[in-house]
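The next block is protein.txt, given as compact mmCIF, C-alpha atoms.
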# COMPACT_ATOMS: atom_id res chain seq x y z
CA MET F 22 110.33 81.82 92.65
CA SER F 23 107.70 79.84 90.84
CA ASP F 24 108.37 77.63 87.87
CA TYR F 25 107.18 79.74 85.01
CA ILE F 26 109.58 78.19 82.55
CA THR F 27 108.41 74.66 82.09
CA HIS F 28 110.23 73.39 79.02
CA ASP F 29 113.50 73.74 77.27
CA HIS F 30 112.24 73.09 73.77
CA GLU F 31 115.36 74.33 72.10
CA HIS F 32 117.70 72.26 74.24
CA ASP F 33 119.78 75.34 74.55
CA GLY F 34 120.82 74.78 78.11
CA LEU F 35 118.79 77.66 79.42
CA ASP F 36 117.37 76.25 82.59
CA ARG F 37 115.37 78.44 84.91
CA ARG F 38 118.40 79.71 86.78
CA GLY F 39 120.27 80.44 83.58
CA PHE F 40 117.27 82.11 82.10
CA LEU F 41 116.84 84.37 85.07
CA GLN F 42 120.49 85.32 84.89
CA CYS F 43 119.90 86.43 81.34
CA MET F 44 116.82 88.37 82.25
CA ALA F 45 117.38 92.02 81.67
CA TRP F 46 116.29 95.35 82.92
CA ALA F 47 116.40 97.75 80.07
CA GLY F 48 115.06 101.15 79.45
CA THR F 49 114.73 102.41 75.98
CA GLY F 50 114.00 100.37 72.91
CA LEU F 51 114.96 97.44 70.81
CA LEU F 52 115.81 97.71 67.18
CA TRP F 53 114.42 94.74 65.35
CA THR F 54 115.82 93.84 61.99
CA VAL F 55 114.33 91.42 59.54
CA SER F 56 116.69 89.64 57.21
CA GLY F 57 115.75 86.49 55.41
CA GLY F 58 112.63 86.16 57.52
CA VAL F 59 114.49 85.81 60.79
CA LEU F 60 114.16 88.58 63.32
CA ALA F 61 116.99 89.59 65.57
CA SER F 62 117.23 92.47 67.99
CA LYS F 63 120.26 94.69 68.41
CA THR F 64 121.28 97.14 71.06
CA LEU F 65 120.57 100.75 70.36
CA ALA F 66 123.81 101.67 72.05
CA GLN F 67 125.77 99.34 69.82
CA ILE F 68 124.11 100.62 66.70
CA ALA F 69 124.48 104.26 67.70
CA GLN F 70 128.17 103.73 68.33
CA ALA F 71 128.76 101.79 65.14
CA ALA F 72 130.73 103.72 62.55
CA GLY F 73 129.08 102.02 59.60
CA PRO F 74 125.49 101.74 58.48
CA LEU F 75 122.98 99.24 59.82
CA PRO F 76 123.63 95.60 59.01
CA ALA F 77 122.05 94.57 55.75
CA ALA F 78 118.37 94.17 56.47
CA ASP F 79 115.18 94.16 54.48
CA LEU F 80 113.36 96.02 57.21
CA SER F 81 114.03 97.55 60.57
CA PHE F 82 111.54 98.79 63.13
CA LEU F 83 111.61 99.73 66.75
CA GLN F 84 109.49 98.74 69.73
CA ILE F 85 108.80 101.07 72.62
CA SER F 86 106.44 100.32 75.46
CA ASP F 87 104.86 101.31 78.74
CA SER F 88 105.49 105.05 78.70
CA HIS F 89 102.96 105.58 81.54
CA ILE F 90 102.79 109.33 80.92
CA GLY F 91 101.20 110.87 84.02
CA PHE F 92 102.87 108.52 86.51
CA SER F 93 104.72 110.54 89.14
CA LYS F 94 105.35 108.21 92.05
CA GLU F 95 108.61 107.20 93.69
CA ALA F 96 109.59 104.66 91.06
CA ASN F 97 110.08 107.51 88.56
CA LYS F 98 108.84 111.03 89.18
CA ASP F 99 109.55 112.16 85.63
CA VAL F 100 108.46 109.55 83.14
CA THR F 101 108.09 112.21 80.46
CA GLU F 102 111.79 112.91 80.70
CA THR F 103 112.80 109.26 80.39
CA PHE F 104 110.45 108.92 77.43
CA LYS F 105 112.20 111.91 75.82
CA ILE F 106 115.56 110.28 76.43
CA ALA F 107 114.36 107.11 74.75
CA LEU F 108 113.30 109.13 71.72
CA ASP F 109 116.67 110.89 71.70
CA ARG F 110 118.33 107.49 71.47
CA ILE F 111 116.15 106.56 68.54
CA ASN F 112 116.97 109.85 66.83
CA ALA F 113 120.68 109.18 67.35
CA LEU F 114 120.57 105.99 65.29
CA PRO F 115 122.67 106.25 62.14
CA ALA F 116 119.67 105.21 60.08
CA PRO F 117 116.16 105.72 61.41
CA PRO F 118 113.96 102.65 61.74
CA SER F 119 111.13 102.34 59.24
CA PHE F 120 108.51 102.69 61.98
CA LEU F 121 107.82 102.32 65.68
CA ILE F 122 105.54 99.92 67.48
CA HIS F 123 104.19 101.03 70.83
CA THR F 124 102.97 98.06 72.82
CA GLY F 125 100.68 99.88 75.19
CA ASP F 126 100.31 101.80 78.43
CA ILE F 127 100.95 105.08 76.71
CA THR F 128 99.41 106.76 79.77
CA GLN F 129 99.00 106.04 83.45
CA LEU F 130 95.32 106.93 83.84
CA SER F 131 93.89 107.32 80.30
CA LYS F 132 93.55 111.08 80.81
CA PRO F 133 93.31 113.29 77.71
CA GLU F 134 96.09 115.51 79.00
CA GLU F 135 98.36 112.49 79.40
CA PHE F 136 97.73 111.46 75.80
CA ASP F 137 98.36 115.10 74.82
CA THR F 138 101.76 115.09 76.53
CA PHE F 139 102.72 111.83 74.87
CA ASP F 140 101.75 113.11 71.44
CA GLU F 141 103.62 116.36 71.96
CA VAL F 142 106.82 114.66 73.08
CA LEU F 143 106.60 112.12 70.29
CA LYS F 144 106.78 114.94 67.74
CA SER F 145 110.51 115.10 68.47
CA CYS F 146 111.01 111.61 67.04
CA ARG F 147 112.47 111.50 63.55
CA THR F 148 110.56 108.32 62.83
CA LYS F 149 106.98 109.35 62.21
CA ASP F 150 105.11 106.11 61.56
CA VAL F 151 103.91 104.52 64.80
CA PHE F 152 101.65 101.51 65.21
CA TYR F 153 99.89 101.04 68.52
CA VAL F 154 98.10 98.49 70.64
CA PRO F 155 96.48 99.56 73.91
CA GLY F 156 97.53 98.68 77.42
CA GLU F 157 95.03 98.43 80.25
CA HIS F 158 96.10 101.88 81.43
CA ASP F 159 94.94 103.38 78.11
CA VAL F 160 91.37 102.10 78.33
CA LEU F 161 90.53 102.62 81.99
CA ASN F 162 87.22 104.45 81.97
CA ASP F 163 85.84 104.53 78.45
CA GLY F 164 86.53 101.08 77.04
CA GLY F 165 89.29 102.53 74.87
CA LYS F 166 87.29 105.06 72.85
CA LEU F 167 89.73 107.90 73.37
CA TYR F 168 92.66 105.63 72.56
CA ARG F 169 91.04 104.41 69.34
CA ASP F 170 90.08 107.92 68.26
CA ARG F 171 93.70 109.02 68.54
CA TYR F 172 95.83 106.08 67.54
CA LEU F 173 93.97 104.01 65.00
CA LYS F 174 93.45 106.69 62.39
CA ASP F 175 95.91 105.19 59.94
CA VAL F 176 94.93 101.55 60.24
CA GLU F 177 91.74 99.66 59.61
CA GLY F 178 91.02 98.78 63.22
CA LYS F 179 88.47 96.02 63.72
CA GLY F 180 86.37 95.35 66.82
CA SER F 181 88.00 97.00 69.80
CA GLY F 182 91.01 98.00 67.70
CA TRP F 183 92.91 95.02 66.31
CA TYR F 184 94.41 95.14 62.81
CA SER F 185 97.12 93.83 60.53
CA PHE F 186 99.40 95.25 57.87
CA ASN F 187 102.26 94.20 55.64
CA LYS F 188 105.71 95.71 55.39
CA ASN F 189 108.43 94.41 53.12
CA GLY F 190 107.00 90.91 53.03
CA VAL F 191 106.46 90.71 56.78
CA HIS F 192 102.91 90.37 58.11
CA PHE F 193 102.26 92.39 61.27
CA ILE F 194 99.29 91.75 63.56
CA GLY F 195 98.32 94.12 66.38
CA LEU F 196 96.07 92.46 68.95
CA VAL F 197 94.02 93.83 71.86
CA ASN F 198 94.04 91.74 75.03
CA VAL F 199 93.25 94.33 77.72
CA LEU F 200 89.48 94.74 77.37
CA ASN F 201 86.51 92.88 78.83
CA LEU F 202 88.71 91.07 81.31
CA GLN F 203 86.88 88.52 83.43
CA ALA F 204 87.04 88.27 87.23
CA GLY F 205 89.87 86.01 88.30
CA GLY F 206 91.23 85.81 84.78
CA LEU F 207 94.14 86.98 82.64
CA GLY F 208 94.44 89.05 79.50
CA GLN F 209 91.89 88.06 76.91
CA LEU F 210 91.50 88.23 73.14
CA GLY F 211 87.92 86.97 72.83
CA ASP F 212 86.09 84.98 70.18
CA GLU F 213 85.50 87.82 67.74
CA GLN F 214 89.17 88.76 67.59
CA LEU F 215 90.29 85.14 67.37
CA GLU F 216 87.93 84.47 64.47
CA TRP F 217 89.29 87.55 62.74
CA LEU F 218 92.85 86.35 63.34
CA GLU F 219 92.13 82.94 61.85
CA ALA F 220 90.72 84.57 58.71
CA ASP F 221 93.50 87.15 58.57
CA VAL F 222 96.30 84.62 58.23
CA LYS F 223 94.37 82.00 56.30
CA ASP F 224 95.68 82.91 52.87
CA LEU F 225 99.24 83.74 53.85
CA GLY F 226 102.04 81.46 52.71
CA SER F 227 103.72 79.56 55.51
CA SER F 228 107.04 81.15 54.70
CA THR F 229 105.70 84.64 55.44
CA PRO F 230 107.40 86.02 58.56
CA VAL F 231 104.74 86.98 61.08
CA VAL F 232 105.08 89.54 63.86
CA VAL F 233 102.35 89.67 66.48
CA PHE F 234 102.26 92.50 68.98
CA ALA F 235 100.00 92.92 71.99
CA HIS F 236 100.30 94.50 75.40
CA ILE F 237 99.95 91.59 77.82
CA PRO F 238 102.22 88.62 77.12
CA LEU F 239 100.70 85.92 74.93
CA TRP F 240 102.47 83.27 76.96
CA ALA F 241 102.14 82.33 80.61
CA VAL F 242 104.93 84.45 82.05
CA TYR F 243 103.50 84.45 85.55
CA PRO F 244 99.75 83.86 85.76
CA GLN F 245 99.74 84.48 89.51
CA TRP F 246 100.31 88.14 88.67
CA GLY F 247 98.02 88.09 85.66
CA TRP F 248 100.97 88.02 83.29
CA GLY F 249 99.48 85.94 80.55
CA THR F 250 96.51 85.74 78.16
CA SER F 251 93.81 83.15 78.79
CA ASP F 252 93.04 82.31 75.15
CA SER F 253 96.48 82.87 73.62
CA GLU F 254 96.87 79.15 72.84
CA ARG F 255 94.08 79.37 70.33
CA ALA F 256 95.71 82.37 68.68
CA LEU F 257 99.05 80.61 68.50
CA GLY F 258 97.34 77.58 67.02
CA TYR F 259 96.50 79.64 63.93
CA LEU F 260 100.16 80.60 63.61
CA LYS F 261 101.76 77.20 64.08
CA ARG F 262 102.29 76.52 60.41
CA PHE F 263 104.42 79.62 59.88
CA GLY F 264 108.17 79.26 59.79
CA SER F 265 108.89 82.43 61.72
CA VAL F 266 106.59 83.99 64.29
CA THR F 267 107.74 86.72 66.63
CA VAL F 268 105.46 87.80 69.46
CA LEU F 269 106.24 91.17 71.02
CA ASN F 270 104.64 92.50 74.18
CA GLY F 271 105.09 94.99 76.97
CA HIS F 272 103.19 95.11 80.28
CA ILE F 273 105.78 93.47 82.52
CA HIS F 274 108.47 96.18 82.21
CA GLN F 275 111.36 93.80 81.75
CA VAL F 276 113.00 91.76 79.07
CA LEU F 277 111.95 88.14 79.04
CA GLN F 278 112.22 85.78 76.13
CA LYS F 279 111.08 82.32 75.28
CA VAL F 280 111.41 80.27 72.14
CA GLU F 281 108.86 77.57 71.44
CA GLY F 282 109.12 75.83 68.09
CA ASN F 283 109.08 78.54 65.46
CA VAL F 284 107.62 81.10 67.82
CA THR F 285 109.76 83.58 69.72
CA PHE F 286 108.12 85.43 72.59
CA HIS F 287 109.71 88.64 73.71
CA SER F 288 108.64 91.17 76.31
CA ALA F 289 110.07 94.68 76.16
CA MET F 290 111.16 97.10 78.82
CA SER F 291 109.33 100.19 79.89
CA THR F 292 110.48 103.75 79.35
CA ALA F 293 108.93 104.67 82.70
CA PHE F 294 109.81 102.38 85.62
CA PRO F 295 110.89 98.83 86.33
CA GLN F 296 108.70 96.10 87.75
CA PRO F 297 109.93 93.17 89.81
CA ALA F 298 110.92 89.87 88.32
CA PRO F 299 108.09 87.35 88.54
CA GLY F 300 107.37 86.26 92.07
CA THR F 301 110.14 88.30 93.68
CA ALA F 302 107.92 90.90 95.35
CA PRO F 303 104.54 90.97 97.09
CA SER F 304 102.99 92.43 93.94
CA PRO F 305 103.92 93.46 90.40
CA GLY F 306 103.64 97.17 91.16
CA PRO F 307 106.22 99.80 90.19
CA MET F 308 109.62 98.96 91.68
CA LYS F 309 111.24 101.75 93.67
CA VAL F 310 114.99 102.05 93.37
CA PRO F 311 117.41 104.80 94.40
CA ALA F 312 117.12 107.73 91.99
CA GLU F 313 120.74 107.55 90.95
CA LYS F 314 120.28 103.93 89.96
CA LEU F 315 117.05 104.26 88.05
CA ARG F 316 118.45 104.75 84.58
CA SER F 317 121.11 102.11 84.98
CA LEU F 318 118.48 99.65 86.13
CA LEU F 319 116.45 100.53 83.09
CA GLY F 320 119.18 99.23 80.91
CA LEU F 321 122.49 97.48 80.58
CA THR F 322 121.70 93.79 80.69
CA THR F 323 122.23 91.74 77.57
CA VAL F 324 120.06 88.76 76.73
CA GLN F 325 121.12 86.25 74.14
CA TYR F 326 118.89 83.60 72.74
CA LYS F 327 118.67 81.29 69.76
CA GLN F 328 116.17 81.93 67.02
CA GLY F 329 115.29 78.36 66.14
CA LYS F 330 118.65 76.95 65.16
CA THR F 331 119.85 80.05 63.44
CA GLY F 332 120.45 83.61 64.38
CA LEU F 333 121.38 85.31 67.55
CA ALA F 334 119.62 88.23 69.12
CA VAL F 335 121.20 90.63 71.53
CA VAL F 336 119.13 93.05 73.58
CA ASP F 337 120.84 95.85 75.38
CA SER F 338 119.53 99.34 76.00
CA ASN F 339 120.62 101.97 78.41
CA LEU F 340 119.22 105.26 79.58
CA SER F 341 122.26 106.14 81.65
CA MET Z 33 56.41 94.66 63.51
CA THR Z 34 56.74 91.54 65.62
CA THR Z 35 60.46 92.13 65.86
CA PHE Z 36 59.87 95.66 67.00
CA THR Z 37 57.51 94.49 69.72
CA LEU Z 38 59.94 91.85 70.90
CA LYS Z 39 62.70 94.41 71.02
CA ASN Z 40 60.54 96.67 73.13
CA GLN Z 41 59.75 93.84 75.49
CA LEU Z 42 63.41 92.93 75.73
CA ALA Z 43 64.35 96.53 76.40
CA ALA Z 44 61.72 96.76 79.12
CA LEU Z 45 63.00 93.53 80.64
CA LEU Z 46 66.59 94.77 80.61
CA CYS Z 47 65.55 98.06 82.16
CA GLY Z 48 63.77 96.13 84.87
CA ILE Z 49 66.81 93.98 85.54
CA GLY Z 50 69.00 97.05 85.61
CA PHE Z 51 66.67 98.75 88.08
CA LEU Z 52 66.61 95.72 90.35
CA ASN Z 53 70.37 95.38 90.26
CA LEU Z 54 71.07 98.98 91.09
CA SER Z 55 68.45 98.93 93.80
CA LEU Z 56 70.49 96.32 95.65
CA PHE Z 57 72.65 99.23 96.70
CA ALA Z 58 70.92 102.37 97.84
CA LEU Z 59 73.73 104.63 96.74
CA ALA Z 60 75.59 104.73 93.51
CA GLY Z 61 79.33 104.70 94.12
CA GLU Z 62 81.23 107.85 94.99
CA VAL Z 63 84.87 108.42 94.26
CA ASN Z 64 86.74 110.80 96.54
CA ASP Z 65 90.23 112.20 96.41
CA SER Z 66 90.17 113.07 100.07
CA ALA Z 67 91.92 110.90 102.58
CA ALA Z 68 89.28 111.90 105.11
CA THR Z 69 87.70 108.93 106.74
CA VAL Z 70 84.02 108.18 106.65
CA ALA Z 71 82.60 107.68 110.10
CA ASN Z 72 81.26 104.23 110.89
CA SER Z 73 82.13 102.87 107.49
CA ASN Z 74 83.63 99.56 106.62
CA LYS Z 75 87.01 99.98 104.97
CA ILE Z 76 88.59 97.76 102.38
CA GLU Z 77 92.20 98.60 101.69
CA ILE Z 78 93.64 97.93 98.26
CA LYS Z 79 97.31 97.16 98.69
CA ASP Z 80 99.81 94.97 96.87
CA PHE Z 81 97.19 94.15 94.25
CA ALA Z 82 94.75 92.67 96.77
CA PHE Z 83 91.53 93.64 98.54
CA ASN Z 84 91.93 93.59 102.29
CA PRO Z 85 89.97 92.06 103.88
CA PRO Z 86 89.09 89.82 100.94
CA THR Z 87 85.67 89.15 102.47
CA LEU Z 88 83.80 91.81 104.39
CA THR Z 89 80.50 91.32 106.19
CA VAL Z 90 78.36 94.41 106.68
CA LYS Z 91 74.84 95.24 107.70
CA SER Z 92 72.31 96.51 105.25
CA GLY Z 93 72.41 100.30 105.21
CA GLU Z 94 76.06 100.58 106.16
CA LYS Z 95 78.62 102.25 103.96
CA ILE Z 96 81.54 100.38 102.43
CA THR Z 97 84.65 102.29 101.39
CA TRP Z 98 87.58 101.08 99.33
CA ILE Z 99 90.90 102.95 99.55
CA ASN Z 100 93.66 102.41 97.02
CA ARG Z 101 97.08 102.33 98.69
CA ASP Z 102 98.99 101.12 95.62
CA ASP Z 103 100.95 103.19 93.12
CA GLU Z 104 98.81 101.51 90.50
CA PRO Z 105 95.21 102.35 89.55
CA HIS Z 106 92.55 99.85 90.52
CA THR Z 107 88.80 99.55 90.05
CA VAL Z 108 85.93 98.01 92.00
CA VAL Z 109 83.50 96.19 89.70
CA SER Z 110 80.63 93.89 90.63
CA VAL Z 111 81.01 90.53 88.88
CA GLU Z 112 77.24 90.35 88.31
CA LYS Z 113 76.92 94.09 87.68
CA GLN Z 114 74.90 94.43 90.87
CA PHE Z 115 76.24 97.86 91.75
CA LYS Z 116 77.73 100.77 89.90
CA LYS Z 117 81.41 100.27 89.19
CA SER Z 118 84.05 102.72 90.32
CA THR Z 119 86.16 104.72 87.94
CA ALA Z 120 89.89 104.00 88.07
CA LEU Z 121 91.10 104.85 91.57
CA ASP Z 122 94.51 106.47 91.73
CA THR Z 123 96.70 106.32 94.82
CA ASP Z 124 94.78 107.26 98.00
CA GLN Z 125 91.49 107.68 96.18
CA GLU Z 126 88.38 106.22 97.79
CA PHE Z 127 85.19 104.67 96.48
CA THR Z 128 82.08 104.33 98.64
CA ILE Z 129 78.80 102.49 98.28
CA THR Z 130 75.95 101.80 100.67
CA ALA Z 131 74.95 98.19 101.25
CA GLY Z 132 71.39 97.28 100.29
CA ILE Z 133 69.65 93.93 100.05
CA PRO Z 134 71.23 91.11 102.10
CA GLY Z 135 73.22 88.61 100.10
CA THR Z 136 76.71 87.75 98.89
CA TYR Z 137 78.31 89.96 96.26
CA THR Z 138 81.57 89.27 94.49
CA TYR Z 139 83.62 91.98 92.86
CA TYR Z 140 86.97 92.40 91.12
CA CYS Z 141 89.40 94.92 89.70
CA SER Z 142 88.73 95.16 85.97
CA VAL Z 143 92.31 96.37 85.39
CA HIS Z 144 93.87 93.47 87.28
CA PRO Z 145 91.17 90.79 87.22
CA LYS Z 146 93.16 88.44 89.41
CA MET Z 147 92.11 90.75 92.25
CA THR Z 148 88.75 89.60 93.61
CA GLY Z 149 86.77 90.20 96.78
CA THR Z 150 83.44 89.44 98.42
CA ILE Z 151 80.91 91.48 100.35
CA VAL Z 152 78.38 89.73 102.53
CA ILE Z 153 75.39 91.88 103.47
CA VAL Z 154 73.29 90.79 106.43
CA LYS Z 155 70.07 92.26 107.81
CA SER Z 156 70.54 95.32 109.93

Would you mind writing the file out in structure tokens?
Amino acid sequence: MSDYITHDHEHDGLDRRGFLQCMAWAGTGLLWTVSGGVLASKTLAQIAQAAGPLPAADLSFLQISDSHIGFSKEANKDVTETFKIALDRINALPAPPSFLIHTGDITQLSKPEEFDTFDEVLKSCRTKDVFYVPGEHDVLNDGGKLYRDRYLKDVEGKGSGWYSFNKNGVHFIGLVNVLNLQAGGLGQLGDEQLEWLEADVKDLGSSTPVVVFAHIPLWAVYPQWGWGTSDSERALGYLKRFGSVTVLNGHIHQVLQKVEGNVTFHSAMSTAFPQPAPGTAPSPGPMKVPAEKLRSLLGLTTVQYKQGKTGLAVVDSNLS
Amino acid sequence: MTTFTLKNQLAALLCGIGFLNLSLFALAGEVNDSAATVANSNKIEIKDFAFNPPTLTVKSGEKITWINRDDEPHTVVSVEKQFKKSTALDTDQEFTITAGIPGTYTYYCSVHPKMTGTIVIVKS
């Protein structure tokens, strides 16, 4: 196991071993709530089982990721079904989230019929507003044209599809870091997108909560497997002055979190199949598990972390 | 008018470069679903997010075939755009090119750019 956690900025006692013990497989979605500018995630299962309404919150939204529609290998031969189950869990929430964020890899091979299946299944979701960023699987052969034609209709996508929007005082930024990747490198944002980002946040007050979402992690989770973004430091530099920055990503099919100053990094689980923990397998490919264990491995582990010095977030989803 | 002329010259130059690059390999790439082997070809297996062998030496005129053995799509893309790139190769799909002008050619997977490989072409 390589040392991919290098600092304990929060002095929270989460050394590498402790962090790994908190690392979670999970399978459906996280419900994020924003209250007083601090984001915290709650378990869908907990919320669904709660008798009362959602905790007081100014805004709630839900992140889903890595649906990989079209994948049919041993790790999960029916990813459409597990995606449906995830949507069922969302629909079972006592109060629907305001919107969904999909952090990429909608499809396995960028095929039109895979996008069609995703769109058809998604119709069953009670929550209709969905904001997307592409994964590398969504832009395989056409540089993302098909993806952009379908999923950026309701936003003012710039360049290869990045954009921002505001909801209830929170500034959301969707970034694209899966295109024009360089040989030997990691995910990449590129100069044009970074210049746009700098201008986008320039006039925001520092107390504005900021949520950034992108497919590949914007922190060096495990560069040996390409799990990081080469120019993310520059992006984060533009966000340093903000009191609350939450960075959401997918790509690695497991829950990992890191807090650095006012920035919380969080990677979500897949609705399709698990991937190995960093460095624990020959490659980051889909992890095969016994069929009867798949759904339980896609969920059930709780991660707790500190949001700065306040707040506590609990992540726990379960497709079983 | 001057701008127009310069643009034309630039376009001609780019076309020329493109022609030279593609001519390094006699064949544009072919993607095949079949697991059938190509006789006398040089195989590069894609497995565990790596090209194997990472460096392959072939003679000019020989075929080179990549086979994806992962459950993950991969591509074969010339770093210097010296040959036509493959489309995304699904499990067990193949991609074949024919080696042209002797030299050293580096390539990578544009989906997982940490994956790189080298082809060395020598005179036949």

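Across the model, the gap from atom CA of F:Thr301 to atom CA of F:Phe234 is 26.3 Å.
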
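The two atoms in question, atom CA of F:Arg255 and atom CA of F:Leu215, are spaced 7.5 Å apart.
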
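Taking only C-alpha atoms into account, those protein, DNA and RNA residues with any atom at most 7 Å away from (94.7, 88.7, 88.7) amount to Gly205, Gly206, Leu207, Gln245, Trp246 and Gly247 of chain F; His144, Pro145, Lys146 and Met147 of chain Z.
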
* What are the residues of chain F that have an atom within 12 Å of an atom of chain Z, counting all atoms listed in the file, as a ChimeraX atom specification? -> /F:89,91-98,126,128-132,156-164,198-209,237,243-251,272,294,296,302-309

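If you measure from each of Z:Phe115, Z:Trp98, Z:Phe127, Z:Tyr137 to Z:Ile76 using all atoms listed in the file, the closest one turns out to be Z:Trp98.
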
Please write out, as lines of an AutoDock Vina configuration file, where the centre of an axis-aligned box around all listed atoms of stretch 99-109 of chain F lies and how long its edges are, in Å to one decimal, after adding 3 Å on each side.
center_x = 112.4
center_y = 110.0
center_z = 78.7
size_x = 14.6
size_y = 11.8
size_z = 19.9

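Atom to atom, atom CA of F:Met290 and atom CA of F:Lys149 stand 21.1 Å apart.
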
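Among the candidates Z:Glu112, Z:Asp124, Z:Lys75, Z:Ile133, the residue lying nearest to Z:Ile96 is Z:Lys75 (atoms considered: all atoms listed in the file).
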
* **Spatial neighbours of F:Lys105, 12 Å, only C-alpha atoms, chain gap at least 6 places, as a list of chain:residue names** => F:Gly48, F:Thr49, F:Ile85, F:Ser88, F:Ile90, F:Asp99, F:Ile111, F:Asn112, F:Thr138, F:Phe139, F:Asp140, F:Glu141, F:Val142, F:Leu143, F:Lys144, F:Ser145, F:Cys146, F:Thr292, F:Ala293, F:Leu340

Keeping only C-alpha atoms, take the residues you just selected and write them out as a tab-separated table (two decimals), in the coordinates of the input.
chain	number	residue	atom	x	y	z
F	48	GLY	CA	115.06	101.15	79.45
F	49	THR	CA	114.73	102.41	75.98
F	85	ILE	CA	108.80	101.07	72.62
F	88	SER	CA	105.49	105.05	78.70
F	90	ILE	CA	102.79	109.33	80.92
F	99	ASP	CA	109.55	112.16	85.63
F	111	ILE	CA	116.15	106.56	68.54
F	112	ASN	CA	116.97	109.85	66.83
F	138	THR	CA	101.76	115.09	76.53
F	139	PHE	CA	102.72	111.83	74.87
F	140	ASP	CA	101.75	113.11	71.44
F	141	GLU	CA	103.62	116.36	71.96
F	142	VAL	CA	106.82	114.66	73.08
F	143	LEU	CA	106.60	112.12	70.29
F	144	LYS	CA	106.78	114.94	67.74
F	145	SER	CA	110.51	115.10	68.47
F	146	CYS	CA	111.01	111.61	67.04
F	292	THR	CA	110.48	103.75	79.35
F	293	ALA	CA	108.93	104.67	82.70
F	340	LEU	CA	119.22	105.26	79.58

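Nearest to F:Gly211 of all the residues F:Phe152, F:Phe193, F:Trp183, F:Tyr168 is F:Trp183, based on all atoms listed in the file.
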
* Residue among F:Ser185, F:Asp252, F:Leu269, F:Ser81 lying closest to F:Asp221, counting only C-alpha atoms -> F:Ser185

* Asked: Which one of F:Glu281, F:Glu177, F:Glu219, F:Glu135 sits closest to F:Leu260 if you count only C-alpha atoms?
  -> F:Glu219

Is there a way to complete stretch 95-107 of chain Z with N, CA and C atoms and then write that out as a short mmCIF file (atom, residue, chain, number, x, y, z; two decimals), keeping the file's coordinate frame?
data_model
loop_
_atom_site.label_atom_id
_atom_site.label_comp_id
_atom_site.auth_asym_id
_atom_site.auth_seq_id
_atom_site.Cartn_x
_atom_site.Cartn_y
_atom_site.Cartn_z
N LYS Z 95 77.76 101.87 105.09
CA LYS Z 95 78.62 102.25 103.96
C LYS Z 95 79.84 101.33 103.89
N ILE Z 96 80.31 101.15 102.68
CA ILE Z 96 81.54 100.38 102.43
C ILE Z 96 82.47 101.28 101.63
N THR Z 97 83.70 101.41 102.09
CA THR Z 97 84.65 102.29 101.39
C THR Z 97 85.93 101.55 101.04
N TRP Z 98 86.30 101.61 99.78
CA TRP Z 98 87.58 101.08 99.33
C TRP Z 98 88.59 102.23 99.25
N ILE Z 99 89.82 101.97 99.65
CA ILE Z 99 90.90 102.95 99.55
C ILE Z 99 92.07 102.31 98.82
N ASN Z 100 92.53 102.96 97.77
CA ASN Z 100 93.66 102.41 97.02
C ASN Z 100 94.98 102.90 97.62
N ARG Z 101 95.78 101.99 98.13
CA ARG Z 101 97.08 102.33 98.69
C ARG Z 101 98.23 101.93 97.77
N ASP Z 102 97.94 101.49 96.56
CA ASP Z 102 98.99 101.12 95.62
C ASP Z 102 99.39 102.30 94.74
N ASP Z 103 100.54 102.21 94.12
CA ASP Z 103 100.95 103.19 93.12
C ASP Z 103 100.42 102.81 91.74
N GLU Z 104 99.40 102.04 91.72
CA GLU Z 104 98.81 101.51 90.50
C GLU Z 104 97.31 101.74 90.57
N PRO Z 105 96.66 102.17 89.48
CA PRO Z 105 95.21 102.35 89.55
C PRO Z 105 94.46 101.01 89.64
N HIS Z 106 93.40 101.04 90.40
CA HIS Z 106 92.55 99.85 90.52
C HIS Z 106 91.08 100.26 90.39
N THR Z 107 90.24 99.30 90.11
CA THR Z 107 88.80 99.55 90.05
C THR Z 107 88.07 98.58 90.96
#
